[in-house]
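The next block is work08.txt, given as compact mmCIF, C-alpha atoms.
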```txt
# COMPACT_ATOMS: atom_id res chain seq x y z
CA MET A 1 -16.36 -19.69 11.35
CA THR A 2 -13.55 -21.23 13.41
CA ASN A 3 -11.40 -18.57 15.04
CA ARG A 4 -8.17 -19.85 13.57
CA LEU A 5 -6.29 -16.67 14.52
CA ASP A 6 -7.30 -16.41 18.16
CA GLY A 7 -4.58 -14.67 20.13
CA ARG A 8 -2.68 -13.49 17.05
CA ILE A 9 -1.70 -9.83 16.60
CA ALA A 10 -1.75 -8.37 13.08
CA LEU A 11 -0.82 -5.06 11.48
CA VAL A 12 -2.26 -4.25 8.04
CA THR A 13 -0.91 -1.29 6.05
CA GLY A 14 -2.91 0.51 3.38
CA ALA A 15 -6.00 -0.43 5.36
CA SER A 16 -8.20 2.55 4.50
CA SER A 17 -9.75 0.85 1.47
CA GLY A 18 -9.66 -2.14 -0.86
CA ILE A 19 -7.55 -5.17 -0.07
CA GLY A 20 -6.17 -3.70 3.15
CA GLU A 21 -9.58 -2.91 4.57
CA ALA A 22 -10.99 -6.30 3.61
CA THR A 23 -7.95 -8.08 5.05
CA ALA A 24 -8.19 -6.29 8.39
CA LEU A 25 -11.84 -7.32 8.69
CA GLU A 26 -11.19 -10.92 7.63
CA LEU A 27 -8.35 -11.37 10.11
CA ALA A 28 -10.60 -9.93 12.82
CA ARG A 29 -13.40 -12.34 11.91
CA GLN A 30 -10.95 -15.18 12.42
CA GLY A 31 -10.03 -13.97 15.88
CA ALA A 32 -7.00 -11.72 15.44
CA ARG A 33 -6.46 -8.41 17.14
CA VAL A 34 -5.73 -5.92 14.38
CA ALA A 35 -3.83 -2.65 14.00
CA VAL A 36 -4.53 -0.68 10.83
CA ALA A 37 -2.34 1.94 9.16
CA ALA A 38 -2.86 4.40 6.31
CA ARG A 39 -2.89 8.15 5.61
CA ARG A 40 -6.66 8.72 5.74
CA ARG A 41 -7.59 8.92 9.40
CA GLU A 42 -11.33 9.26 8.90
CA ARG A 43 -11.49 6.03 6.93
CA LEU A 44 -9.39 4.21 9.49
CA ASP A 45 -11.67 5.44 12.27
CA ALA A 46 -14.70 4.09 10.40
CA LEU A 47 -12.92 0.76 9.91
CA ALA A 48 -11.94 0.67 13.58
CA LYS A 49 -15.61 0.79 14.56
CA GLN A 50 -16.25 -2.34 12.51
CA LEU A 51 -13.18 -4.04 13.94
CA ASP A 52 -14.24 -3.14 17.45
CA GLY A 53 -17.58 -4.80 16.80
CA LEU A 54 -15.69 -7.96 15.90
CA GLY A 55 -13.70 -7.86 19.14
CA ALA A 56 -10.43 -7.05 17.37
CA GLU A 57 -9.23 -4.38 19.85
CA PRO A 58 -8.18 -2.16 16.93
CA LEU A 59 -5.30 0.28 16.97
CA VAL A 60 -5.44 3.12 14.42
CA LEU A 61 -2.08 4.33 13.13
CA THR A 62 -1.98 7.30 10.77
CA ALA A 63 1.13 7.28 8.60
CA ASP A 64 2.49 7.91 5.13
CA LEU A 65 4.14 4.58 4.42
CA ALA A 66 6.39 6.16 1.78
CA ASP A 67 8.24 7.73 4.73
CA GLU A 68 10.79 5.21 6.00
CA ALA A 69 10.63 6.49 9.58
CA ALA A 70 6.82 6.34 9.60
CA ALA A 71 6.86 2.83 8.14
CA GLN A 72 9.07 1.69 11.00
CA ARG A 73 7.23 3.71 13.63
CA ILE A 74 3.88 2.01 13.08
CA VAL A 75 5.43 -1.40 13.72
CA LYS A 76 6.97 -0.23 16.98
CA GLU A 77 3.70 1.38 18.07
CA ALA A 78 1.76 -1.80 17.35
CA GLU A 79 4.30 -3.85 19.32
CA ALA A 80 4.15 -1.42 22.22
CA TYR A 81 0.33 -1.44 22.26
CA TYR A 82 -0.22 -5.20 22.02
CA GLY A 83 3.05 -6.45 23.45
CA ARG A 84 4.16 -8.11 20.23
CA LEU A 85 3.40 -8.40 16.51
CA ASP A 86 2.70 -11.80 14.93
CA ILE A 87 1.50 -10.90 11.43
CA LEU A 88 2.56 -7.99 9.23
CA VAL A 89 0.60 -7.45 6.01
CA ASN A 90 2.48 -5.01 3.78
CA ASN A 91 -0.33 -3.88 1.50
CA ALA A 92 0.14 -0.12 1.08
CA GLY A 93 0.89 0.86 -2.50
CA VAL A 94 0.04 2.98 -5.52
CA MET A 95 -0.06 2.32 -9.26
CA TYR A 96 1.17 5.11 -11.53
CA LEU A 97 1.02 3.96 -15.15
CA GLU A 98 2.36 5.96 -18.09
CA PRO A 99 4.79 5.56 -21.00
CA VAL A 100 8.46 5.76 -20.06
CA ALA A 101 9.04 8.68 -22.44
CA GLU A 102 6.36 10.76 -20.71
CA ALA A 103 6.92 9.59 -17.15
CA ASP A 104 6.74 11.96 -14.20
CA LEU A 105 9.83 10.79 -12.32
CA GLY A 106 8.62 12.45 -9.14
CA ARG A 107 5.53 10.24 -9.16
CA TRP A 108 7.62 7.20 -10.00
CA ARG A 109 10.02 8.00 -7.15
CA HIS A 110 7.08 8.16 -4.76
CA MET A 111 5.82 4.81 -6.06
CA LEU A 112 9.21 3.19 -5.50
CA GLU A 113 9.42 4.67 -2.01
CA LEU A 114 5.96 3.42 -1.05
CA ASN A 115 5.68 0.11 -2.89
CA VAL A 116 9.20 -1.10 -2.15
CA LEU A 117 11.15 0.91 0.41
CA GLY A 118 8.22 1.45 2.77
CA LEU A 119 7.48 -2.28 2.67
CA ILE A 120 11.12 -3.07 3.40
CA ALA A 121 11.26 -0.55 6.26
CA SER A 122 8.19 -2.01 7.98
CA THR A 123 9.53 -5.51 7.53
CA GLN A 124 12.91 -4.55 8.96
CA ALA A 125 11.24 -3.05 12.02
CA ALA A 126 9.24 -6.23 12.64
CA LEU A 127 12.12 -8.69 12.39
CA ALA A 128 13.80 -8.14 15.76
CA GLY A 129 10.70 -9.02 17.77
CA MET A 130 9.77 -11.93 15.53
CA ARG A 131 13.28 -13.35 15.75
CA ALA A 132 13.35 -12.99 19.52
CA ARG A 133 10.10 -14.97 19.81
CA ARG A 134 10.95 -17.32 16.92
CA ASP A 135 7.50 -16.66 15.52
CA GLY A 136 6.05 -14.36 12.90
CA HIS A 137 4.53 -14.08 9.45
CA ILE A 138 5.20 -11.36 6.89
CA VAL A 139 2.79 -11.06 3.96
CA ASN A 140 3.76 -8.83 1.04
CA ILE A 141 1.25 -7.79 -1.60
CA ALA A 142 2.70 -7.82 -5.10
CA SER A 143 0.79 -8.24 -8.39
CA THR A 144 0.69 -10.17 -11.64
CA ALA A 145 2.60 -7.07 -12.79
CA GLY A 146 5.46 -8.60 -10.82
CA ARG A 147 5.36 -11.56 -13.22
CA VAL A 148 4.45 -9.95 -16.56
CA ALA A 149 5.76 -6.50 -17.55
CA ASN A 150 3.45 -4.59 -19.87
CA PRO A 151 3.81 -1.33 -21.80
CA ASN A 152 3.02 1.77 -19.72
CA ALA A 153 3.63 -0.18 -16.53
CA ALA A 154 7.43 -0.18 -16.50
CA ALA A 155 7.96 1.38 -13.08
CA TYR A 156 4.95 -0.26 -11.46
CA SER A 157 6.16 -3.64 -12.67
CA ALA A 158 9.65 -2.79 -11.43
CA THR A 159 8.23 -2.24 -7.94
CA LYS A 160 6.23 -5.46 -7.97
CA PHE A 161 9.04 -7.59 -9.44
CA GLY A 162 11.08 -6.07 -6.61
CA VAL A 163 8.54 -7.12 -3.98
CA VAL A 164 8.54 -10.69 -5.29
CA ALA A 165 12.35 -10.86 -5.26
CA PHE A 166 12.60 -9.23 -1.84
CA SER A 167 10.08 -11.68 -0.39
CA GLU A 168 11.96 -14.75 -1.58
CA ALA A 169 15.34 -13.43 -0.42
CA LEU A 170 13.81 -12.52 2.94
CA ARG A 171 12.27 -15.97 3.31
CA ARG A 172 15.67 -17.56 2.83
CA GLU A 173 17.18 -15.24 5.44
CA VAL A 174 14.59 -15.85 8.16
CA TYR A 175 13.22 -19.38 7.75
CA LYS A 176 15.64 -20.70 10.38
CA ASP A 177 14.08 -18.21 12.83
CA ASN A 178 10.67 -19.85 12.26
CA ILE A 179 9.48 -16.69 10.47
CA ARG A 180 7.23 -17.28 7.50
CA VAL A 181 7.06 -15.07 4.40
CA SER A 182 4.27 -15.07 1.82
CA VAL A 183 3.93 -12.96 -1.31
CA ILE A 184 0.48 -12.56 -2.86
CA GLU A 185 0.25 -11.64 -6.55
CA PRO A 186 -3.31 -10.72 -7.55
CA GLY A 187 -4.42 -9.94 -11.06
CA VAL A 188 -7.16 -7.42 -11.75
CA VAL A 189 -8.95 -6.48 -8.53
CA GLU A 190 -11.92 -4.13 -8.36
CA THR A 191 -10.45 -1.45 -6.07
CA GLU A 192 -9.70 2.27 -6.21
CA LEU A 193 -6.07 1.56 -7.17
CA ARG A 194 -6.70 2.51 -10.80
CA GLU A 195 -7.79 5.98 -9.71
CA HIS A 196 -4.11 6.79 -9.10
CA ILE A 197 -3.33 6.65 -12.83
CA GLY A 198 -2.68 10.14 -14.16
CA HIS A 199 -2.13 9.24 -17.84
CA ALA A 200 -5.66 9.47 -19.28
CA ALA A 201 -5.24 7.13 -22.28
CA THR A 202 -3.62 4.42 -20.14
CA LYS A 203 -6.28 4.75 -17.46
CA ASP A 204 -9.11 4.50 -19.99
CA ALA A 205 -7.58 1.45 -21.66
CA LEU A 206 -6.98 -0.33 -18.35
CA ASN A 207 -10.48 0.39 -17.09
CA ALA A 208 -11.99 -0.91 -20.32
CA TRP A 209 -9.91 -4.09 -20.06
CA ALA A 210 -10.88 -4.57 -16.40
CA ASP A 211 -14.56 -3.99 -17.18
CA SER A 212 -14.40 -6.77 -19.78
CA MET A 213 -13.91 -9.44 -17.10
CA ARG A 214 -15.25 -10.67 -13.80
CA GLN A 215 -12.73 -8.96 -11.58
CA LEU A 216 -11.34 -10.26 -8.31
CA GLN A 217 -12.86 -8.61 -5.27
CA SER A 218 -10.90 -7.38 -2.26
CA GLN A 219 -12.54 -10.10 -0.18
CA ASP A 220 -11.11 -12.77 -2.48
CA VAL A 221 -7.59 -11.57 -1.75
CA ALA A 222 -8.33 -11.08 1.95
CA GLU A 223 -9.48 -14.68 2.29
CA THR A 224 -6.31 -15.85 0.54
CA ILE A 225 -4.16 -13.87 2.99
CA ALA A 226 -6.12 -15.25 5.94
CA PHE A 227 -5.60 -18.78 4.63
CA CYS A 228 -1.83 -18.26 4.42
CA VAL A 229 -1.44 -16.86 7.93
CA SER A 230 -3.71 -19.45 9.53
CA ARG A 231 -1.73 -22.52 8.41
CA PRO A 232 0.08 -24.61 11.06
CA SER A 233 3.51 -23.26 11.96
CA HIS A 234 5.31 -25.90 9.89
CA VAL A 235 3.52 -24.76 6.72
CA ASN A 236 4.64 -21.67 4.80
CA ILE A 237 2.64 -20.72 1.71
CA ASN A 238 5.51 -18.94 -0.03
CA GLU A 239 3.70 -17.50 -3.02
CA VAL A 240 0.15 -17.17 -4.34
CA LEU A 241 -0.45 -16.09 -7.94
CA MET A 242 -4.17 -15.44 -8.48
CA ARG A 243 -6.09 -14.00 -11.42
CA PRO A 244 -9.69 -13.60 -12.42
CA THR A 245 -10.75 -16.62 -14.44
CA ASP A 246 -11.28 -14.24 -17.37
CA GLN A 247 -7.78 -12.69 -17.24
CA GLU A 248 -5.38 -14.07 -19.85
CA ARG A 249 -2.12 -12.23 -18.97
```
Rewrite the structure from the file as structure tokens, please.
Amino acid sequence: MTNRLDGRIALVTGASSGIGEATALELARQGARVAVAARRRERLDALAKQLDGLGAEPLVLTADLADEAAAQRIVKEAEAYYGRLDILVNNAGVMYLEPVAEADLGRWRHMLELNVLGLIASTQAALAGMRARRDGHIVNIASTAGRVANPNAAAYSATKFGVVAFSEALRREVYKDNIRVSVIEPGVVETELREHIGHAATKDALNAWADSMRQLQSQDVAETIAFCVSRPSHVNINEVLMRPTDQER
């Protein structure tokens, strides 16, 4: 494979599993040096060993990305370690699904803080350096739930609609600084994300629906992200909406 990302510095949040883990490895395979952030240190350490084997000079950053200060800290630590940050992949997130009438607002508050505010905080921290260098790429992971709002997914969809809107507004603020912004909206992906669902009936129904199709794999999304960030500097893939072939909505 051509090392299309040679010399590029990336930070991937939510990298302890799923899309984040796969993305960190794919960026490393294409030549990037990669910092990884998540709460689960032992998983990050295991990932770092793989990244090291790919020559990615990994930096492990343990953080709860729902904490605004932590979300900003990891960006500054990555910049301090590598000297700059070229690519920020805001992937950390949770999916709490339940009917509005039965919703645990504490869980929903945490989801809003992680899926939206943590993403915004990390982005904000990265902008000064990217603007100073007139170079950078911010990739935000949304969902088809940011396009289609379904029952029992009201708050989750609110967070993902928010990520899509934030990404487009951000793009229009920073394009003159030569900063690119991409939002990726996957459909059903076979990851541990559905394990977060506490409402048993909703979880069972969603798992049955997912099992009825050929689901996207984390690697599918990782390769899409790598494609976006490896385009020439005059090309910005603004938005990618991707579903399993078998997914109707």
Could you tell me how far CA of Ala80 in chain A lies from CA of Asn115 in chain A, in Å and to one decimal?
->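 CA of Ala80 in chain A sits 25.2 Å away from CA of Asn115 in chain A.
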What lies within 9 Å of Ile237 in chain A using only C-alpha atoms, ignoring chain neighbours under 2 positions off, as a list of chain:residue names?
-> A:Arg180, A:Val181, A:Ser182, A:Val183, A:Phe227, A:Cys228, A:Val229, A:Arg231, A:Val235, A:Glu239, A:Val240
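Residues in contact with Phe166 in chain A at up to 10 Å, not including ones fewer than 3 positions away on its chain and judged by only C-alpha atoms, are A:Val116, A:Leu119, A:Ile120, A:Asn140, A:Lys160, A:Phe161, A:Gly162, A:Val163, A:Ala169, A:Leu170, A:Arg171, A:Val183.
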Output file for the selection above: C-alpha atoms, as a short mmCIF file (atom, residue, chain, number, x, y, z; two decimals), in the coordinates of the input:
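And here's out11.cif as it stands now:
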```cif
data_model
loop_
_atom_site.label_atom_id
_atom_site.label_comp_id
_atom_site.auth_asym_id
_atom_site.auth_seq_id
_atom_site.Cartn_x
_atom_site.Cartn_y
_atom_site.Cartn_z
CA VAL A 116 9.20 -1.10 -2.15
CA LEU A 119 7.48 -2.28 2.67
CA ILE A 120 11.12 -3.07 3.40
CA ASN A 140 3.76 -8.83 1.04
CA LYS A 160 6.23 -5.46 -7.97
CA PHE A 161 9.04 -7.59 -9.44
CA GLY A 162 11.08 -6.07 -6.61
CA VAL A 163 8.54 -7.12 -3.98
CA ALA A 169 15.34 -13.43 -0.42
CA LEU A 170 13.81 -12.52 2.94
CA ARG A 171 12.27 -15.97 3.31
CA VAL A 183 3.93 -12.96 -1.31
#
```
Polymer residues at most 12 Å from Leu127 in chain A, only C-alpha atoms, same-chain spacing of 4 or more positions, as JSON, numbers by chain | {"A": [72, 75, 76, 79, 84, 85, 86, 87, 88, 120, 121, 122, 123, 131, 132, 133, 134, 135, 136, 137, 138, 170, 171, 173, 174, 175, 177, 178, 179, 180, 181]}
First collect every listed atom of range 173-177 of chain A; then fit an axis-aligned box around them, widen it by 8 Å on each side, and give centre and edge lengths in Å to one decimal, as JSON.
```
{"center_x": 15.2, "center_y": -18.0, "center_z": 9.1, "size_x": 20.0, "size_y": 21.5, "size_z": 23.4}
```
Using only C-alpha atoms, what does the table of range 73-121 of chain A residues within 8 Å of range 35-51 of chain A look like, with each row giving the shortest atom pair and its distance in Å to one decimal, sorted by chain and ascending number, as CSV?
```
residue,atom,partner,partner_atom,distance
A:Ile74,CA,A:Ala37,CA,7.4
A:Ala78,CA,A:Ala35,CA,6.6
A:Ala92,CA,A:Ala38,CA,7.5
```
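In this model, the gap between CA of Ala222 in chain A and CA of Arg147 in chain A comes to 20.4 Å.
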Using all atoms listed in the file, which residue out of A:Pro232, A:Gly31, A:Gly55, A:Pro151 lies closest to Asn3 in chain A?
->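 Between A:Pro232, A:Gly31, A:Gly55, A:Pro151, the residue approaching Asn3 in chain A most closely is A:Gly31.
Minimum atom-to-atom distances from A:Val60, A:Gly14, A:Val94, A:Arg172 to Glu195 in chain A were compared using all atoms listed in the file, and the lowest value belongs to A:Val94.
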Residue neighbourhood Pro186 in chain A, 12 Å, only C-alpha atoms, exclusion window fewer than 3 positions, as a PyMOL selection string | chain A and resi 19+91+140-148+160+183+189-191+215-222+224-225+239-245+247+249
At the level of N, CA, C and O atoms, write range 235-247 of chain A to a file as a PDB file, in the first residue's frame, please.
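Full text of part-v5.pdb as output:
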```pdb
ATOM      1  N   VAL A 235      -8.859  19.168  -2.066  1.00  0.00           N
ATOM      2  CA  VAL A 235     -10.078  18.345  -2.081  1.00  0.00           C
ATOM      3  C   VAL A 235     -10.560  18.122  -0.650  1.00  0.00           C
ATOM      4  O   VAL A 235      -9.828  17.598   0.190  1.00  0.00           O
ATOM      5  N   ASN A 236     -11.789  18.508  -0.380  1.00  0.00           N
ATOM      6  CA  ASN A 236     -12.400  18.256   0.931  1.00  0.00           C
ATOM      7  C   ASN A 236     -13.655  17.413   0.731  1.00  0.00           C
ATOM      8  O   ASN A 236     -14.640  17.888   0.158  1.00  0.00           O
ATOM      9  N   ILE A 237     -13.598  16.169   1.184  1.00  0.00           N
ATOM     10  CA  ILE A 237     -14.799  15.323   1.193  1.00  0.00           C
ATOM     11  C   ILE A 237     -15.621  15.776   2.393  1.00  0.00           C
ATOM     12  O   ILE A 237     -15.338  15.428   3.536  1.00  0.00           O
ATOM     13  N   ASN A 238     -16.649  16.570   2.147  1.00  0.00           N
ATOM     14  CA  ASN A 238     -17.402  17.183   3.240  1.00  0.00           C
ATOM     15  C   ASN A 238     -18.212  16.186   4.049  1.00  0.00           C
ATOM     16  O   ASN A 238     -18.313  16.307   5.274  1.00  0.00           O
ATOM     17  N   GLU A 239     -18.808  15.207   3.349  1.00  0.00           N
ATOM     18  CA  GLU A 239     -19.793  14.349   4.014  1.00  0.00           C
ATOM     19  C   GLU A 239     -19.824  12.989   3.324  1.00  0.00           C
ATOM     20  O   GLU A 239     -19.823  12.915   2.095  1.00  0.00           O
ATOM     21  N   VAL A 240     -19.865  11.927   4.135  1.00  0.00           N
ATOM     22  CA  VAL A 240     -20.012  10.576   3.599  1.00  0.00           C
ATOM     23  C   VAL A 240     -21.148   9.892   4.346  1.00  0.00           C
ATOM     24  O   VAL A 240     -21.076   9.689   5.561  1.00  0.00           O
ATOM     25  N   LEU A 241     -22.198   9.548   3.626  1.00  0.00           N
ATOM     26  CA  LEU A 241     -23.319   8.791   4.172  1.00  0.00           C
ATOM     27  C   LEU A 241     -23.187   7.369   3.646  1.00  0.00           C
ATOM     28  O   LEU A 241     -23.211   7.150   2.432  1.00  0.00           O
ATOM     29  N   MET A 242     -23.024   6.390   4.554  1.00  0.00           N
ATOM     30  CA  MET A 242     -22.762   5.016   4.115  1.00  0.00           C
ATOM     31  C   MET A 242     -23.608   4.048   4.938  1.00  0.00           C
ATOM     32  O   MET A 242     -23.697   4.144   6.159  1.00  0.00           O
ATOM     33  N   ARG A 243     -24.219   3.119   4.234  1.00  0.00           N
ATOM     34  CA  ARG A 243     -25.065   2.103   4.885  1.00  0.00           C
ATOM     35  C   ARG A 243     -24.671   0.721   4.379  1.00  0.00           C
ATOM     36  O   ARG A 243     -24.155   0.593   3.261  1.00  0.00           O
ATOM     37  N   PRO A 244     -24.998  -0.321   5.146  1.00  0.00           N
ATOM     38  CA  PRO A 244     -24.966  -1.643   4.553  1.00  0.00           C
ATOM     39  C   PRO A 244     -25.902  -1.710   3.351  1.00  0.00           C
ATOM     40  O   PRO A 244     -26.949  -1.038   3.341  1.00  0.00           O
ATOM     41  N   THR A 245     -25.543  -2.471   2.373  1.00  0.00           N
ATOM     42  CA  THR A 245     -26.412  -2.626   1.198  1.00  0.00           C
ATOM     43  C   THR A 245     -27.819  -3.061   1.618  1.00  0.00           C
ATOM     44  O   THR A 245     -28.816  -2.663   1.008  1.00  0.00           O
ATOM     45  N   ASP A 246     -27.901  -3.855   2.688  1.00  0.00           N
ATOM     46  CA  ASP A 246     -29.178  -4.417   3.129  1.00  0.00           C
ATOM     47  C   ASP A 246     -30.001  -3.462   3.993  1.00  0.00           C
ATOM     48  O   ASP A 246     -31.130  -3.810   4.379  1.00  0.00           O
ATOM     49  N   GLN A 247     -29.462  -2.301   4.334  1.00  0.00           N
ATOM     50  CA  GLN A 247     -30.176  -1.385   5.253  1.00  0.00           C
ATOM     51  C   GLN A 247     -31.052  -0.435   4.463  1.00  0.00           C
ATOM     52  O   GLN A 247     -30.582   0.311   3.615  1.00  0.00           O
TER      53      GLN A 247
END
```
